[in-house]
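See structure below.
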Amino acid sequence: MHPYQDASRPVDERVEDLLSRMTPEEKAGQLFHSMLMMNPDGTPVTDTDGSMLPLTTPDLIEDRRLTHFNLLGTYGAREMALWHNAIQEMAAGTRLGIPVSLSTDPRHAFTDNIGASFNAGAFSAWPEALGLAAVGDPELVLAFADTVRREYLSVGFRTALHPQIDLATEPRWARQSGTFGSDAKLTGELVTAYVRGLQGESLGKDSVAAMVKHFPGGGPQKDGEDPHFPHGKEQVYPGGMREHHLEPFRHAIAAGCSQMMPYYGQPIGTDWEEVGFGFNQGVITGLLREELGFTGIVCTDWGLLTDSSIFGEPHAARAWGVEHLSVAERTAKALDAGVDQFGGEQCPEVIVELMASGRIPEARVDASVRRLLREKFLLGLFDERRYVDPDEAAETVGRADFTAAGAAAQRRSLTVLTDGPLPVSGRPKLYVENVDPAVAAAYGEVVTDPAAADLAVLRLRTPYEERPNLFESFFHSGSLAFAELELARILGLLATVPTVVCVNLERPAVLPEIAERAAALIADFGASDEALLDVAFGRAKAEGRLPFELPRSMAAVEAARPDVPNDTADPVFAHGHGLDLAL
């Protein structure tokens, strides 16, 4: 037995022993945090058509010596556990047997975007982060994160690629549903609870490591476009609020978050170098490491180095500001900036070449590998936590009490903007749209003609502009206003029958006409039909308050400063608005 394999030895001693035995290729493999998919039956993917992932699981683990992966897709709990054990067994068979660290984007709500989050599937279903912010209760967030931790642990996820603590200051930005809204103080309180729920008081064998994102705050995107794409790469601060966006990250660091993800964005018009944050030495080393004192792992957002194919469509590397550099030069610049790991990439040969040429000293690579290995040891991956129990996973994921807690949180997060006839009494004749008629039948007599109804219940989503690129179509961007024909159709229904309108606010919708003419207006941030109808009929209490303002017009949105919270003129509903219904 080598010292690194001896669980009785101190972690730092084990790290140094293992590091001393590693080849440059094995060290380089640690610096990549790539993606895997699995077969539905829980077996590893051993062939690929290249449309999503260019390499198979053996290619990555056995040949390229990677040991950090995030899982794409939604699967059953038992199958995920079986798959996790299978890839750990594959890793155990490599020369040094370094275990795999498995991560995931959020999996406990309603958004399904392969580039950002997955719907709950087998896991307990809670409101989106915006919904947790609407409730504004750190104890709820602590309970949520602890539930996430327990469900993740059971299937083998040891790193959460969340929480996302950007401030929702640009109403058009696509990623707002994953944030805690526009309030920096509240976001700081909630991220503290979130990190403690995932990690505990310190990182250990029962922890899930929190990768907080997107440093130094990804909200102020020019025109609200998303920097996954070239037309959204610029991040701007016309209101001078750069420091304000850092406030939640100070709280996350104080809470002990183990990892940090810099954003794609390229800062424009500041004293920072105008390169993406993953390449930005002043931001990563100067600000994050030296000024804020962060000592954990820095992992880039996905796909900064190499061009890729997503859904069979070409995508340039998100190397904003350094597009002219070669892959090797980009890699060296990011390492010089202070990055430890590259998300969504799998080119360790580039690191090996940089070390061999002397461009990057091996000691620099060792510093990052040391951080990455230390976390594996702290999480117990070399010892008792290497494998999981598929039976326990099947019992834990979606457990009844977890599911009930998520359902209760959905109800609490609903936000009543206007109340009109609420709460509804009796069993009215109900006309419903985008609501399951079978669910509605428990609350009233469902009719198919709105003219024959006593009350209608209409569920809507925040509008967005269709984008031709398939991957970008998942990132809802552009106008927040309802198209003229759709608005006319909605207003026609509201004129026909008193209507309770519920709008899912993944972004702040522009809806002044709907707000004026709906019998009642409710905002949701991820809630089932049962949750909505329980609130509408007075069977549950909604506690939500708007986590951002709702603008009056797109002209007001376009005139607002993207780094300034709640900056639109004369909003229909202000940040913090919400009504209490008598039960």
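Please note that chains go A, B, ... in the order of the structure tokens, that every chain numbers its residues from 1, and that ligands are numbered from 1 in the order shown.
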Residue list (helix (DSSP H, G or I), DSSP) for range 423-565 of chain A, as a ChimeraX atom specification: /A:437-440,450-452,472-474,484-496,512-517,529-536,554-559
For Arg242 in chain A, please output as a PyMOL selection string all residues within 9 Å (counting only C-alpha atoms; exclusion window: fewer than 2 positions along the same chain). chain A and resi 216-217+220+236-237+239-240+244-246+563
Given the selection you just returned, output its residues as a file containing C-alpha atoms, formatted as a PDB file, in the first residue's frame.
```
ATOM      1  CA  PRO A 216     -17.546  38.377 -10.453  1.00  0.00           C
ATOM      2  CA  GLY A 217     -21.273  38.511 -11.218  1.00  0.00           C
ATOM      3  CA  PRO A 220     -24.830  43.055 -16.386  1.00  0.00           C
ATOM      4  CA  VAL A 236     -20.923  46.423 -19.020  1.00  0.00           C
ATOM      5  CA  TYR A 237     -21.271  48.660 -15.957  1.00  0.00           C
ATOM      6  CA  GLY A 239     -24.214  52.536 -13.596  1.00  0.00           C
ATOM      7  CA  GLY A 240     -20.883  52.024 -11.831  1.00  0.00           C
ATOM      8  CA  HIS A 244     -22.300  45.808  -5.804  1.00  0.00           C
ATOM      9  CA  HIS A 245     -22.271  42.622  -7.893  1.00  0.00           C
ATOM     10  CA  LEU A 246     -19.405  41.283  -5.771  1.00  0.00           C
ATOM     11  CA  ASP A 563     -25.777  46.718 -13.836  1.00  0.00           C
TER      12      ASP A 563
END
```
At most 7 Å is the cut-off: for each residue in range 369-458 of chain A with any atom that close to an atom of range 95-104 of chain A, write down the nearest atom pair and the distance in Å rounded to one decimal, counting only C-alpha atoms, chain first then increasing number, as CSV.
```
residue,atom,partner,partner_atom,distance
A:Leu381,CA,A:Pro99,CA,6.2
A:Phe382,CA,A:Pro99,CA,6.3
A:Arg386,CA,A:Pro99,CA,6.9
```
Write the selection just made, keeping N, CA, C and O atoms, as a compact mmCIF listing (two decimals), in the first residue's frame?
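Produced file again_28.txt, reproduced below:
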```txt
# COMPACT_ATOMS: atom_id res chain seq x y z
N LEU A 381 -13.49 10.22 -1.33
CA LEU A 381 -13.59 9.46 -2.58
C LEU A 381 -12.53 8.37 -2.70
O LEU A 381 -12.74 7.38 -3.41
N PHE A 382 -11.41 8.52 -2.02
CA PHE A 382 -10.39 7.47 -2.05
C PHE A 382 -10.71 6.34 -1.08
O PHE A 382 -10.07 5.28 -1.12
N ARG A 386 -16.22 6.00 -2.20
CA ARG A 386 -15.95 5.80 -3.63
C ARG A 386 -17.18 5.24 -4.35
O ARG A 386 -17.45 5.61 -5.50
```
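Within 12 Å of range 436-439 of chain A there are Lys429, Leu430, Glu445, Val446, Val447, Thr448, Ala456, Val457, Leu458, Arg459, Ser528, Asp529, Glu530, Ala531, Leu532, Leu533 and Asp534 of chain A, counting only C-alpha atoms and ignoring same-chain residues fewer than 6 positions away.
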Taking into account only C-alpha atoms, which residue in the set A:Ile87, A:Ala81, A:Ala255, A:Ile490 is nearest to Thr46 in chain A? A:Ile87
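Between CA of Leu292 in chain A and CA of Thr159 in chain A there is a distance of 22.3 Å.
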Would you give me, as a PyMOL selection string, the residues in range 75-297 of chain A that DSSP reads as strand (DSSP E)? chain A and resi 101-104+157-160+209-215+234-236+259-262+266-268+297
Could you write those residues out with C-alpha atoms, as an mmCIF file, in the first residue's frame?
```
data_model
loop_
_atom_site.group_PDB
_atom_site.id
_atom_site.type_symbol
_atom_site.label_atom_id
_atom_site.label_comp_id
_atom_site.auth_asym_id
_atom_site.auth_seq_id
_atom_site.Cartn_x
_atom_site.Cartn_y
_atom_site.Cartn_z
ATOM 1 C CA SER A 101 -15.490 13.348 -8.977
ATOM 2 C CA LEU A 102 -18.990 13.603 -10.430
ATOM 3 C CA SER A 103 -20.847 16.909 -10.716
ATOM 4 C CA THR A 104 -24.188 18.160 -11.970
ATOM 5 C CA PHE A 157 -22.781 13.529 -7.243
ATOM 6 C CA ARG A 158 -20.074 15.193 -5.148
ATOM 7 C CA THR A 159 -19.923 18.649 -6.739
ATOM 8 C CA ALA A 160 -22.901 20.944 -7.326
ATOM 9 C CA ALA A 209 -18.838 20.663 -2.815
ATOM 10 C CA ALA A 210 -20.419 23.944 -3.920
ATOM 11 C CA MET A 211 -19.121 25.508 -7.149
ATOM 12 C CA VAL A 212 -20.453 29.043 -6.831
ATOM 13 C CA LYS A 213 -20.962 30.973 -10.059
ATOM 14 C CA HIS A 214 -20.459 33.196 -11.993
ATOM 15 C CA PHE A 215 -17.652 35.326 -10.569
ATOM 16 C CA GLU A 234 -19.868 41.997 -23.563
ATOM 17 C CA GLN A 235 -20.450 42.765 -19.891
ATOM 18 C CA VAL A 236 -20.923 46.423 -19.020
ATOM 19 C CA GLN A 259 -15.092 26.097 -5.727
ATOM 20 C CA MET A 260 -15.705 29.174 -7.863
ATOM 21 C CA MET A 261 -16.606 29.497 -11.547
ATOM 22 C CA PRO A 262 -15.663 32.691 -13.421
ATOM 23 C CA GLN A 266 -15.781 40.117 -21.376
ATOM 24 C CA PRO A 267 -15.792 43.317 -19.280
ATOM 25 C CA ILE A 268 -15.976 46.464 -21.383
ATOM 26 C CA ILE A 297 -10.679 25.561 -6.748
#
```
Atomic separation - CA of Ala332 in chain A relative to CA of Gly269 in chain A, Å: 24.8 Å
What are the closest atom pairs, with distances in Å to one decimal, for all residues of range 307-425 of chain A lying within 12 Å of range 115-135 of chain A? Consider only C-alpha atoms, order rows by chain and residue number, and present the result as JSON lines.
```
{"residue": "A:Ile310", "atom": "CA", "partner": "A:Gly115", "partner_atom": "CA", "distance": 10.0}
{"residue": "A:Phe311", "atom": "CA", "partner": "A:Gly115", "partner_atom": "CA", "distance": 11.6}
{"residue": "A:Gly344", "atom": "CA", "partner": "A:Gly115", "partner_atom": "CA", "distance": 10.7}
{"residue": "A:Ala393", "atom": "CA", "partner": "A:Phe123", "partner_atom": "CA", "distance": 10.5}
{"residue": "A:Ala394", "atom": "CA", "partner": "A:Ala122", "partner_atom": "CA", "distance": 9.1}
{"residue": "A:Glu395", "atom": "CA", "partner": "A:Ala122", "partner_atom": "CA", "distance": 10.8}
{"residue": "A:Thr396", "atom": "CA", "partner": "A:Phe123", "partner_atom": "CA", "distance": 8.9}
{"residue": "A:Val397", "atom": "CA", "partner": "A:Phe123", "partner_atom": "CA", "distance": 5.3}
{"residue": "A:Gly398", "atom": "CA", "partner": "A:Phe123", "partner_atom": "CA", "distance": 4.5}
{"residue": "A:Arg399", "atom": "CA", "partner": "A:Ser124", "partner_atom": "CA", "distance": 7.3}
{"residue": "A:Ala400", "atom": "CA", "partner": "A:Ser124", "partner_atom": "CA", "distance": 8.5}
{"residue": "A:Asp401", "atom": "CA", "partner": "A:Ser124", "partner_atom": "CA", "distance": 9.0}
{"residue": "A:Phe402", "atom": "CA", "partner": "A:Ser124", "partner_atom": "CA", "distance": 5.8}
{"residue": "A:Thr403", "atom": "CA", "partner": "A:Ser124", "partner_atom": "CA", "distance": 4.6}
{"residue": "A:Ala404", "atom": "CA", "partner": "A:Ser124", "partner_atom": "CA", "distance": 8.2}
{"residue": "A:Ala405", "atom": "CA", "partner": "A:Trp126", "partner_atom": "CA", "distance": 8.0}
{"residue": "A:Gly406", "atom": "CA", "partner": "A:Trp126", "partner_atom": "CA", "distance": 4.3}
{"residue": "A:Ala407", "atom": "CA", "partner": "A:Trp126", "partner_atom": "CA", "distance": 6.4}
{"residue": "A:Ala408", "atom": "CA", "partner": "A:Trp126", "partner_atom": "CA", "distance": 8.4}
{"residue": "A:Ala409", "atom": "CA", "partner": "A:Trp126", "partner_atom": "CA", "distance": 6.3}
{"residue": "A:Gln410", "atom": "CA", "partner": "A:Pro127", "partner_atom": "CA", "distance": 5.2}
{"residue": "A:Arg411", "atom": "CA", "partner": "A:Pro127", "partner_atom": "CA", "distance": 8.8}
{"residue": "A:Arg412", "atom": "CA", "partner": "A:Val135", "partner_atom": "CA", "distance": 6.5}
{"residue": "A:Ser413", "atom": "CA", "partner": "A:Gly131", "partner_atom": "CA", "distance": 5.0}
{"residue": "A:Leu414", "atom": "CA", "partner": "A:Gly131", "partner_atom": "CA", "distance": 7.4}
{"residue": "A:Thr415", "atom": "CA", "partner": "A:Ala134", "partner_atom": "CA", "distance": 7.4}
{"residue": "A:Val416", "atom": "CA", "partner": "A:Ala134", "partner_atom": "CA", "distance": 10.9}
```
Written selection (N, CA, C and O atoms) as a short mmCIF file (atom, residue, chain, number, x, y, z; two decimals), in the first residue's frame:
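As written to disk, result_34.cif reads:
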```
data_model
loop_
_atom_site.label_atom_id
_atom_site.label_comp_id
_atom_site.auth_asym_id
_atom_site.auth_seq_id
_atom_site.Cartn_x
_atom_site.Cartn_y
_atom_site.Cartn_z
N ILE A 310 -22.48 21.21 -30.95
CA ILE A 310 -23.58 20.98 -30.01
C ILE A 310 -24.85 20.74 -30.82
O ILE A 310 -25.22 21.59 -31.64
N PHE A 311 -25.48 19.60 -30.61
CA PHE A 311 -26.64 19.19 -31.42
C PHE A 311 -26.28 19.19 -32.90
O PHE A 311 -27.11 19.51 -33.76
N GLY A 344 -15.71 21.60 -19.34
CA GLY A 344 -16.21 21.22 -20.65
C GLY A 344 -15.15 20.98 -21.70
O GLY A 344 -15.46 20.93 -22.89
N ALA A 393 -30.00 4.58 -3.16
CA ALA A 393 -30.29 5.69 -4.08
C ALA A 393 -31.76 5.69 -4.48
O ALA A 393 -32.42 6.73 -4.49
N ALA A 394 -32.28 4.50 -4.81
CA ALA A 394 -33.68 4.39 -5.23
C ALA A 394 -34.62 4.80 -4.10
O ALA A 394 -35.70 5.35 -4.34
N GLU A 395 -34.23 4.54 -2.86
CA GLU A 395 -35.06 4.90 -1.71
C GLU A 395 -34.95 6.39 -1.36
O GLU A 395 -35.91 6.99 -0.86
N THR A 396 -33.79 6.98 -1.61
CA THR A 396 -33.52 8.36 -1.17
C THR A 396 -34.00 9.40 -2.16
O THR A 396 -34.64 10.39 -1.78
N VAL A 397 -33.71 9.21 -3.44
CA VAL A 397 -34.06 10.21 -4.45
C VAL A 397 -35.59 10.26 -4.59
O VAL A 397 -36.24 9.25 -4.83
N GLY A 398 -36.13 11.45 -4.41
CA GLY A 398 -37.59 11.60 -4.50
C GLY A 398 -38.34 11.04 -3.32
O GLY A 398 -39.55 10.78 -3.43
N ARG A 399 -37.66 10.84 -2.19
CA ARG A 399 -38.30 10.31 -0.99
C ARG A 399 -39.52 11.14 -0.62
O ARG A 399 -39.57 12.34 -0.88
N ALA A 400 -40.50 10.52 0.01
CA ALA A 400 -41.79 11.19 0.24
C ALA A 400 -41.64 12.49 1.00
O ALA A 400 -42.27 13.51 0.65
N ASP A 401 -40.81 12.53 2.05
CA ASP A 401 -40.69 13.76 2.82
C ASP A 401 -39.96 14.85 2.04
O ASP A 401 -40.27 16.04 2.17
N PHE A 402 -38.99 14.45 1.20
CA PHE A 402 -38.33 15.43 0.36
C PHE A 402 -39.30 16.03 -0.65
O PHE A 402 -39.33 17.24 -0.89
N THR A 403 -40.10 15.15 -1.25
CA THR A 403 -41.08 15.60 -2.25
C THR A 403 -42.12 16.52 -1.62
O THR A 403 -42.51 17.55 -2.21
N ALA A 404 -42.57 16.17 -0.42
CA ALA A 404 -43.56 17.00 0.28
C ALA A 404 -42.98 18.37 0.62
O ALA A 404 -43.65 19.40 0.51
N ALA A 405 -41.71 18.40 1.04
CA ALA A 405 -41.08 19.68 1.37
C ALA A 405 -40.94 20.55 0.12
O ALA A 405 -41.16 21.76 0.16
N GLY A 406 -40.60 19.93 -1.01
CA GLY A 406 -40.52 20.68 -2.26
C GLY A 406 -41.87 21.22 -2.68
O GLY A 406 -41.97 22.37 -3.13
N ALA A 407 -42.91 20.41 -2.54
CA ALA A 407 -44.25 20.86 -2.91
C ALA A 407 -44.72 22.01 -2.01
O ALA A 407 -45.35 22.97 -2.49
N ALA A 408 -44.40 21.93 -0.73
CA ALA A 408 -44.76 23.03 0.18
C ALA A 408 -44.01 24.31 -0.20
O ALA A 408 -44.57 25.41 -0.16
N ALA A 409 -42.74 24.17 -0.60
CA ALA A 409 -41.96 25.35 -1.01
C ALA A 409 -42.53 25.96 -2.28
O ALA A 409 -42.53 27.19 -2.44
N GLN A 410 -43.02 25.13 -3.20
CA GLN A 410 -43.66 25.66 -4.40
C GLN A 410 -44.82 26.56 -4.03
O GLN A 410 -44.99 27.66 -4.59
N ARG A 411 -45.65 26.11 -3.10
CA ARG A 411 -46.82 26.90 -2.70
C ARG A 411 -46.39 28.21 -2.03
O ARG A 411 -46.94 29.27 -2.31
N ARG A 412 -45.41 28.13 -1.15
CA ARG A 412 -44.93 29.33 -0.48
C ARG A 412 -44.39 30.35 -1.47
O ARG A 412 -44.53 31.57 -1.29
N SER A 413 -43.74 29.86 -2.54
CA SER A 413 -43.05 30.77 -3.47
C SER A 413 -43.99 31.49 -4.43
O SER A 413 -43.61 32.50 -5.03
N LEU A 414 -45.21 30.99 -4.59
CA LEU A 414 -46.16 31.68 -5.46
C LEU A 414 -46.39 33.10 -4.95
O LEU A 414 -46.47 33.34 -3.74
N THR A 415 -46.48 34.04 -5.89
CA THR A 415 -46.50 35.46 -5.54
C THR A 415 -47.76 36.09 -6.10
O THR A 415 -47.93 36.18 -7.33
N VAL A 416 -48.65 36.51 -5.22
CA VAL A 416 -49.93 37.11 -5.63
C VAL A 416 -49.70 38.59 -5.91
O VAL A 416 -49.35 39.36 -5.02
#
```
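For the choices A:Val148, A:Ile253, A:Met80, A:Leu60, the atom-to-atom distance to His108 in chain A is smallest for A:Val148 when using only C-alpha atoms.
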Closest contacts (range 86-205 of chain A/range 474-479 of chain A, max 7 Å, only C-alpha atoms) as JSON lines:
```
{"residue": "A:Asn113", "atom": "CA", "partner": "A:Phe474", "partner_atom": "CA", "distance": 5.7}
{"residue": "A:Arg172", "atom": "CA", "partner": "A:Gly478", "partner_atom": "CA", "distance": 5.9}
{"residue": "A:Trp173", "atom": "CA", "partner": "A:Ser477", "partner_atom": "CA", "distance": 6.2}
{"residue": "A:Ala174", "atom": "CA", "partner": "A:His476", "partner_atom": "CA", "distance": 5.1}
```
Considering only C-alpha atoms, can you say which of A:Gly29, A:Pro3, A:Gly224, A:Gly526 comes closest to Pro348 in chain A? A:Gly29
Neighbouring residues of Gly218 in chain A were defined as those with any atom within 8 Å, considering only C-alpha atoms; residues of the same chain fewer than 6 positions away were excluded. Please report them as a PDB file with C-alpha atoms, in the first residue's frame.
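selection.pdb, freshly written:
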```
ATOM      1  CA  ASP A 166     -25.395  36.599 -10.184  1.00  0.00           C
ATOM      2  CA  LEU A 167     -27.711  39.554  -9.596  1.00  0.00           C
ATOM      3  CA  GLN A 235     -20.450  42.765 -19.891  1.00  0.00           C
ATOM      4  CA  TYR A 263     -18.138  33.814 -16.068  1.00  0.00           C
ATOM      5  CA  GLY A 265     -18.328  37.647 -19.994  1.00  0.00           C
TER       6      GLY A 265
END
```
For Ala337 in chain A: contacts at 9 Å, only C-alpha atoms, fewer than 3 positions along chain excluded, given as JSON, numbers by chain: {"A": [278, 279, 280, 281, 282, 283, 284, 285, 286, 332, 333, 334]}
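Note that the spacing between CA of Gly303 in chain A and CA of Arg175 in chain A amounts to 17.4 Å.
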Find the residues near Asp567 in chain A: any atom within 12 Å, counting only C-alpha atoms, skip ones fewer than 3 places away on the same chain, and give them as an NGL selection string. :A and (168-171 or 182 or 238-239 or 241 or 548-552 or 556-564 or 570-571 or 574-575)
Export, as a compact mmCIF listing (two decimals), in the first residue's frame, the selected residues with N, CA, C and O atoms.
```txt
# COMPACT_ATOMS: atom_id res chain seq x y z
N ALA A 168 -29.82 39.64 -10.77
CA ALA A 168 -30.72 39.77 -11.93
C ALA A 168 -31.01 41.24 -12.16
O ALA A 168 -32.08 41.75 -11.81
N THR A 169 -30.04 41.92 -12.78
CA THR A 169 -30.18 43.37 -12.99
C THR A 169 -30.50 43.75 -14.43
O THR A 169 -30.85 44.90 -14.68
N GLU A 170 -30.34 42.83 -15.38
CA GLU A 170 -30.70 43.09 -16.78
C GLU A 170 -31.93 42.25 -17.09
O GLU A 170 -31.84 41.02 -17.18
N PRO A 171 -33.11 42.85 -17.23
CA PRO A 171 -34.35 42.05 -17.32
C PRO A 171 -34.39 41.06 -18.47
O PRO A 171 -35.12 40.07 -18.39
N SER A 182 -32.62 40.24 -7.76
CA SER A 182 -31.85 41.47 -7.93
C SER A 182 -31.27 42.03 -6.65
O SER A 182 -30.51 43.00 -6.69
N PRO A 238 -22.54 50.55 -16.89
CA PRO A 238 -22.78 51.99 -17.08
C PRO A 238 -23.25 52.69 -15.81
O PRO A 238 -23.11 53.92 -15.70
N GLY A 239 -23.77 51.93 -14.85
CA GLY A 239 -24.21 52.54 -13.60
C GLY A 239 -23.16 52.53 -12.50
O GLY A 239 -23.44 52.96 -11.37
N MET A 241 -21.87 49.99 -10.89
CA MET A 241 -22.26 49.09 -9.79
C MET A 241 -21.42 47.82 -9.73
O MET A 241 -21.87 46.81 -9.19
N PHE A 548 -37.58 40.62 -8.41
CA PHE A 548 -37.16 41.71 -9.29
C PHE A 548 -38.42 42.47 -9.68
O PHE A 548 -39.53 42.00 -9.47
N GLU A 549 -38.26 43.66 -10.25
CA GLU A 549 -39.43 44.43 -10.67
C GLU A 549 -39.95 43.92 -12.01
O GLU A 549 -39.23 43.25 -12.75
N LEU A 550 -41.22 44.23 -12.31
CA LEU A 550 -41.80 43.90 -13.61
C LEU A 550 -41.95 45.19 -14.41
O LEU A 550 -42.74 46.07 -14.05
N PRO A 551 -41.21 45.32 -15.52
CA PRO A 551 -41.17 46.58 -16.27
C PRO A 551 -42.50 46.89 -16.96
O PRO A 551 -43.29 45.99 -17.27
N ARG A 552 -42.70 48.16 -17.24
CA ARG A 552 -43.94 48.59 -17.90
C ARG A 552 -43.86 48.43 -19.42
O ARG A 552 -44.89 48.24 -20.08
N ALA A 556 -38.77 50.92 -21.59
CA ALA A 556 -38.21 51.14 -20.25
C ALA A 556 -37.05 50.19 -19.99
O ALA A 556 -36.05 50.57 -19.37
N VAL A 557 -37.17 48.95 -20.47
CA VAL A 557 -36.09 47.98 -20.31
C VAL A 557 -34.84 48.44 -21.06
O VAL A 557 -33.72 48.41 -20.54
N GLU A 558 -35.04 48.89 -22.29
CA GLU A 558 -33.91 49.28 -23.13
C GLU A 558 -33.22 50.55 -22.60
O GLU A 558 -32.01 50.73 -22.81
N ALA A 559 -33.95 51.37 -21.88
CA ALA A 559 -33.37 52.60 -21.33
C ALA A 559 -32.67 52.37 -19.99
O ALA A 559 -31.92 53.23 -19.53
N ALA A 560 -32.90 51.23 -19.37
CA ALA A 560 -32.35 50.96 -18.04
C ALA A 560 -30.87 50.58 -18.15
O ALA A 560 -30.39 50.11 -19.18
N ARG A 561 -30.15 50.76 -17.03
CA ARG A 561 -28.74 50.39 -16.97
C ARG A 561 -28.61 48.94 -16.51
O ARG A 561 -29.14 48.59 -15.46
N PRO A 562 -27.90 48.10 -17.27
CA PRO A 562 -27.92 46.67 -17.00
C PRO A 562 -27.24 46.24 -15.70
O PRO A 562 -27.47 45.12 -15.23
N ASP A 563 -26.43 47.10 -15.09
CA ASP A 563 -25.78 46.72 -13.84
C ASP A 563 -26.50 47.25 -12.61
O ASP A 563 -26.09 46.97 -11.48
N VAL A 564 -27.58 48.00 -12.83
CA VAL A 564 -28.28 48.65 -11.71
C VAL A 564 -29.56 47.87 -11.40
O VAL A 564 -30.40 47.68 -12.28
N ASP A 570 -41.04 53.55 -13.82
CA ASP A 570 -42.46 53.29 -13.58
C ASP A 570 -42.85 51.82 -13.78
O ASP A 570 -43.71 51.51 -14.61
N PRO A 571 -42.23 50.89 -13.05
CA PRO A 571 -42.58 49.48 -13.25
C PRO A 571 -44.04 49.20 -12.89
O PRO A 571 -44.64 49.91 -12.07
N ALA A 574 -43.29 46.76 -8.38
CA ALA A 574 -41.95 47.01 -7.87
C ALA A 574 -41.34 45.74 -7.28
O ALA A 574 -42.05 44.81 -6.88
N HIS A 575 -40.02 45.72 -7.22
CA HIS A 575 -39.33 44.66 -6.50
C HIS A 575 -39.90 44.57 -5.08
O HIS A 575 -40.12 45.57 -4.42
```
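Using only C-alpha atoms, the nearest neighbour of Lys541 in chain A within the list A:Pro565, A:Gly343, A:Pro428, A:Pro423 is A:Pro423.
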